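Worksheet: the structure to be examined is printed underneath.
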Amino acid sequence: MKGNFEALLVMFGKEPSKNQQVTEQAKAIHLAQKEQILNLTKEQKAELKRDFENAKQGDYSKKWRNRRWVTLVIINLLFTFSFWVDIQLFEGSLIASRVIGFHMADIYSALQVVLAYKVMFINLIIGTVTVLIIWVLLGGRAFCSWVCPYHLLAEWAEKIHLKLAAKKWVSDHPFHRGIRTVFLFVFALLAFILGYALFNSINPVGIVSRALIYGASLAMFWVLILLLFEIFYSRRAWC
C-alpha cells in the first residue's frame with residue numbers, strides 16, 4: 001500500500017525516491033564483488049564490461065520489450081476488431097470502455113466529465129473504481145507500458161530523439177515534474193468553468209485509441225505535433 005501511495009504522489013509531480021537503506025548483507029556482497037573486480041586483470045575487466053553492456057542491450061531486455069509491444073498491440077486491436085464485427089466484447093476506447101461487461105474509465109477523464117456536466121454518472125463511478133482497483137493491484141505504470149497506444153509512439157519518438165542527441169543535433173529540455181500538478185488543477189478548473197472536458201479533447205491517449213477503432217481524424221495532427229516536440233525538444237514531454 002505504501003508503494004501505491006508513493007506512486008500516487010509521483011503522479012502528482014513528486015520526484016521518485018530511491019531506497020537509501022542498505023543492509024549489512026548487501027554491503028558485504030558489494031564489498032566482496034568490489035575486491036573481486038580489483039583483482040581482475042585488464043583483459044578480464046574489459047570482458048566483464050562487454051558482458052555488462054551486452055546484458056543491458058541484449059536479448060533479455062529486448063525479449064520483454066517485444067512482449068510489451070505485442071501485448072499492447074493486441075489489446076488495442078481487440079477494441080478495433082470488436083467494433084468492426086460488432087461483437088460488443090470491447091466497447092468504447094481506452095478513455096472509457098466496457099470490457100466483457102466490466103465498465104472502465106480513466107480516473108482523470110472521468111473527473112473532467114463530472115466537473116463539466118455537474119452530474120455523477122453511475123457508469124463512471126463503476127469504471128473509475130474498477131480502474132483504481134486494477135491500478136492498486138498492478139501498479140500505476142502497468143497501463144502505460146502494456147496498454148497505452150501513445151506510449152508506444154512515444155517510445156519510438158524517444159529512440160529517434162536519443163539518436164539525434166548522440167549526434168549533437170538536438171538537446172533535451174526536461175520540464176519540472178511539478179508542472180503536471182499545475183496542469184491537473186488547471187484543466188479541472190477549466191472543465192468546471194467551461195462545462196466542457198477540454199483535456200479529453202487533447203489527450204493523445206484517447207485520440208490514438210479512437211483513431212485505431214473508428215478511424216483517424218484531424219486530431220491526429222495534434223498527436224503528430226506532440227511527437228515532433230518530443231523528438232526535437234523534450235523527450236517524453238507528455239508522459
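Following the order of the C-alpha cells, chains are lettered A, B, ..., residues in each are numbered from 1, and ligands are numbered from 1.
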Per residue of range 102-198 of chain A within 8 Å of range 202-213 of chain A, which atom pair is closest and at what distance in Å (one decimal), using only C-alpha atoms, listed by chain and increasing number, as a tab-separated table?
```
residue	atom	partner	partner_atom	distance
A:Cys148	CA	A:Val205	CA	6.6
A:Pro149	CA	A:Val205	CA	6.5
A:Tyr150	CA	A:Val205	CA	5.3
A:Leu198	CA	A:Ile202	CA	6.9
```
Any chance you could export the current selection's C-alpha atoms as an mmCIF file, in the first residue's frame?
```cif
data_model
loop_
_atom_site.group_PDB
_atom_site.id
_atom_site.type_symbol
_atom_site.label_atom_id
_atom_site.label_comp_id
_atom_site.auth_asym_id
_atom_site.auth_seq_id
_atom_site.Cartn_x
_atom_site.Cartn_y
_atom_site.Cartn_z
ATOM 1 C CA CYS A 148 -1.344 2.767 -23.812
ATOM 2 C CA PRO A 149 -1.042 3.249 -27.611
ATOM 3 C CA TYR A 150 0.518 6.705 -27.291
ATOM 4 C CA LEU A 198 -11.151 20.136 -22.695
#
```
Can you list, as an MDAnalysis selection string, every protein, DNA or RNA residue that comes within 12 Å of Phe83 in chain A when you count only C-alpha atoms, leaving out same-chain residues fewer than 2 positions away?
-> chainID A and resid 76:81 85:93 97:98 210 212:215
Residue selection dump (N, CA and C atoms) as a tab-separated table (two decimals), in the first residue's frame:
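What ended up in part.tsv:
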```
chain	number	residue	atom	x	y	z
A	76	ASN	N	-5.13	-3.24	-28.08
A	76	ASN	CA	-5.74	-2.17	-28.85
A	76	ASN	C	-6.49	-2.71	-30.07
A	77	LEU	N	-5.94	-3.75	-30.70
A	77	LEU	CA	-6.60	-4.33	-31.85
A	77	LEU	C	-7.89	-5.07	-31.46
A	78	LEU	N	-7.96	-5.55	-30.22
A	78	LEU	CA	-9.18	-6.18	-29.75
A	78	LEU	C	-10.35	-5.19	-29.76
A	79	PHE	N	-10.07	-3.94	-29.38
A	79	PHE	CA	-11.10	-2.90	-29.43
A	79	PHE	C	-11.53	-2.65	-30.88
A	80	THR	N	-10.53	-2.58	-31.76
A	80	THR	CA	-10.82	-2.33	-33.18
A	80	THR	C	-11.63	-3.47	-33.78
A	81	PHE	N	-11.18	-4.69	-33.55
A	81	PHE	CA	-11.85	-5.87	-34.10
A	81	PHE	C	-13.28	-5.98	-33.55
A	85	VAL	N	-16.60	-5.94	-36.12
A	85	VAL	CA	-17.51	-7.09	-36.29
A	85	VAL	C	-18.73	-6.99	-35.36
A	86	ASP	N	-18.75	-5.93	-34.53
A	86	ASP	CA	-19.89	-5.65	-33.65
A	86	ASP	C	-20.22	-6.83	-32.73
A	87	ILE	N	-19.18	-7.30	-32.01
A	87	ILE	CA	-19.42	-8.39	-31.06
A	87	ILE	C	-19.55	-7.87	-29.63
A	88	GLN	N	-19.28	-6.57	-29.42
A	88	GLN	CA	-19.53	-5.88	-28.15
A	88	GLN	C	-18.82	-6.53	-26.95
A	89	LEU	N	-17.63	-7.03	-27.18
A	89	LEU	CA	-16.82	-7.53	-26.08
A	89	LEU	C	-15.90	-6.45	-25.54
A	90	PHE	N	-15.36	-5.63	-26.46
A	90	PHE	CA	-14.51	-4.49	-26.09
A	90	PHE	C	-15.15	-3.25	-26.69
A	91	GLU	N	-15.88	-2.49	-25.87
A	91	GLU	CA	-16.61	-1.34	-26.37
A	91	GLU	C	-15.97	-0.04	-25.88
A	92	GLY	N	-16.08	1.00	-26.69
A	92	GLY	CA	-15.51	2.29	-26.32
A	92	GLY	C	-14.04	2.36	-26.66
A	93	SER	N	-13.31	3.22	-25.95
A	93	SER	CA	-11.88	3.39	-26.17
A	93	SER	C	-11.17	3.25	-24.83
A	97	SER	N	-14.53	2.67	-21.39
A	97	SER	CA	-14.85	1.46	-22.14
A	97	SER	C	-15.65	0.49	-21.28
A	98	ARG	N	-16.12	-0.55	-21.95
A	98	ARG	CA	-16.74	-1.67	-21.26
A	98	ARG	C	-16.09	-2.93	-21.82
A	210	ARG	N	-9.05	6.19	-30.23
A	210	ARG	CA	-10.24	6.35	-31.08
A	210	ARG	C	-9.88	6.24	-32.56
A	212	LEU	N	-7.58	4.32	-33.87
A	212	LEU	CA	-7.42	2.91	-34.18
A	212	LEU	C	-8.77	2.20	-34.32
A	213	ILE	N	-9.75	2.64	-33.54
A	213	ILE	CA	-11.04	1.96	-33.52
A	213	ILE	C	-11.98	2.49	-34.59
A	214	TYR	N	-12.12	3.82	-34.65
A	214	TYR	CA	-13.13	4.43	-35.51
A	214	TYR	C	-12.56	5.06	-36.78
A	215	GLY	N	-11.24	5.18	-36.85
A	215	GLY	CA	-10.62	5.84	-37.99
A	215	GLY	C	-9.99	7.15	-37.58
```
Mind checking which residues fall within 10 Å of Leu190 in chain A, counting only C-alpha atoms, ignoring those fewer than 6 positions away in the same chain, and posting them as a ChimeraX atom specification?
-> /A:112,115-116,196-199
Given the selection you just returned, output its residues as a file containing N, CA, C and O atoms, formatted as a PDB file, in the first residue's frame.
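Output file part-v3.pdb is given in full below:
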```pdb
ATOM      1  N   GLN A 112     -13.040  14.945 -15.274  1.00  0.00           N
ATOM      2  CA  GLN A 112     -13.322  16.021 -16.222  1.00  0.00           C
ATOM      3  C   GLN A 112     -14.810  16.045 -16.601  1.00  0.00           C
ATOM      4  O   GLN A 112     -15.436  17.101 -16.629  1.00  0.00           O
ATOM      5  N   LEU A 115     -16.968  17.236 -13.602  1.00  0.00           N
ATOM      6  CA  LEU A 115     -16.842  18.673 -13.376  1.00  0.00           C
ATOM      7  C   LEU A 115     -17.518  19.480 -14.484  1.00  0.00           C
ATOM      8  O   LEU A 115     -18.092  20.540 -14.227  1.00  0.00           O
ATOM      9  N   ALA A 116     -17.457  18.972 -15.710  1.00  0.00           N
ATOM     10  CA  ALA A 116     -18.031  19.701 -16.840  1.00  0.00           C
ATOM     11  C   ALA A 116     -19.556  19.670 -16.818  1.00  0.00           C
ATOM     12  O   ALA A 116     -20.212  20.700 -17.021  1.00  0.00           O
ATOM     13  N   TYR A 196     -17.066  21.909 -20.296  1.00  0.00           N
ATOM     14  CA  TYR A 196     -16.551  21.102 -21.412  1.00  0.00           C
ATOM     15  C   TYR A 196     -15.254  20.433 -20.968  1.00  0.00           C
ATOM     16  O   TYR A 196     -14.371  21.087 -20.398  1.00  0.00           O
ATOM     17  N   ALA A 197     -15.140  19.135 -21.210  1.00  0.00           N
ATOM     18  CA  ALA A 197     -13.951  18.375 -20.812  1.00  0.00           C
ATOM     19  C   ALA A 197     -12.833  18.598 -21.827  1.00  0.00           C
ATOM     20  O   ALA A 197     -12.579  17.751 -22.688  1.00  0.00           O
ATOM     21  N   LEU A 198     -12.174  19.750 -21.726  1.00  0.00           N
ATOM     22  CA  LEU A 198     -11.151  20.136 -22.695  1.00  0.00           C
ATOM     23  C   LEU A 198      -9.994  19.148 -22.726  1.00  0.00           C
ATOM     24  O   LEU A 198      -9.483  18.808 -23.800  1.00  0.00           O
ATOM     25  N   PHE A 199      -9.579  18.668 -21.560  1.00  0.00           N
ATOM     26  CA  PHE A 199      -8.438  17.741 -21.505  1.00  0.00           C
ATOM     27  C   PHE A 199      -8.700  16.493 -22.330  1.00  0.00           C
ATOM     28  O   PHE A 199      -7.802  15.990 -23.000  1.00  0.00           O
TER      29      PHE A 199
END
```
One residue among A:Ser234, A:Asn123, A:Thr181, A:Ser201 is nearest to Ala154 in chain A when using only C-alpha atoms, and that residue is A:Ser234
Which polymer residues have any atom within 9 Å of an atom of range 124-137 of chain A, counting only C-alpha atoms, with same-chain residues fewer than 6 positions away left out, as a count of residues only?
-> 17
Do you know which residues are at most 8 Å from range 65-71 of chain A counting only C-alpha atoms, after dropping those on the same chain fewer than 6 positions away, and could you put them as a PyMOL selection string?
-> chain A and resi 145-147+152
The selected residues should be written to file as a tab-separated table (two decimals), in the first residue's frame (atoms: N, CA, C and O atoms).
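Wrote part-v3.tsv, looks like this:
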```tsv
chain	number	residue	atom	x	y	z
A	145	SER	N	2.94	1.01	-19.95
A	145	SER	CA	3.89	0.13	-20.62
A	145	SER	C	3.23	-0.95	-21.45
A	145	SER	O	3.74	-1.33	-22.50
A	146	TRP	N	2.08	-1.46	-21.00
A	146	TRP	CA	1.49	-2.65	-21.60
A	146	TRP	C	0.20	-2.38	-22.37
A	146	TRP	O	-0.28	-3.29	-23.07
A	147	VAL	N	-0.38	-1.18	-22.26
A	147	VAL	CA	-1.70	-0.93	-22.88
A	147	VAL	C	-1.73	0.35	-23.70
A	147	VAL	O	-2.26	0.35	-24.82
A	152	LEU	N	3.56	3.73	-26.88
A	152	LEU	CA	4.35	3.04	-27.89
A	152	LEU	C	4.93	4.04	-28.89
A	152	LEU	O	6.12	3.98	-29.23
```
Skipping near chain neighbours, those fewer than 2 positions away, what residues fall within 10 Å of Leu226 in chain A using only C-alpha atoms, listed as a ChimeraX atom specification?
-> /A:154,157,204,220-224,228-231,234-238
Residues flagged strand (DSSP E or B) by DSSP in range 63-146 of chain A, as a PyMOL selection string = chain A and resi 90-92+96-99+102-105
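Each of A:Ala142, A:Val119, A:Val182, A:Val99 was compared to Gly195 in chain A using only C-alpha atoms, and A:Val119 turns out to be the nearest.
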What gap, in Å, lies between CA of Leu184 in chain A and CA of Leu218 in chain A?
->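 Between CA of Leu184 in chain A and CA of Leu218 in chain A the gap is 24.8 Å.
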Atom pair CA of Tyr233 in chain A + CA of Cys144 in chain A, distance 21.7 Å
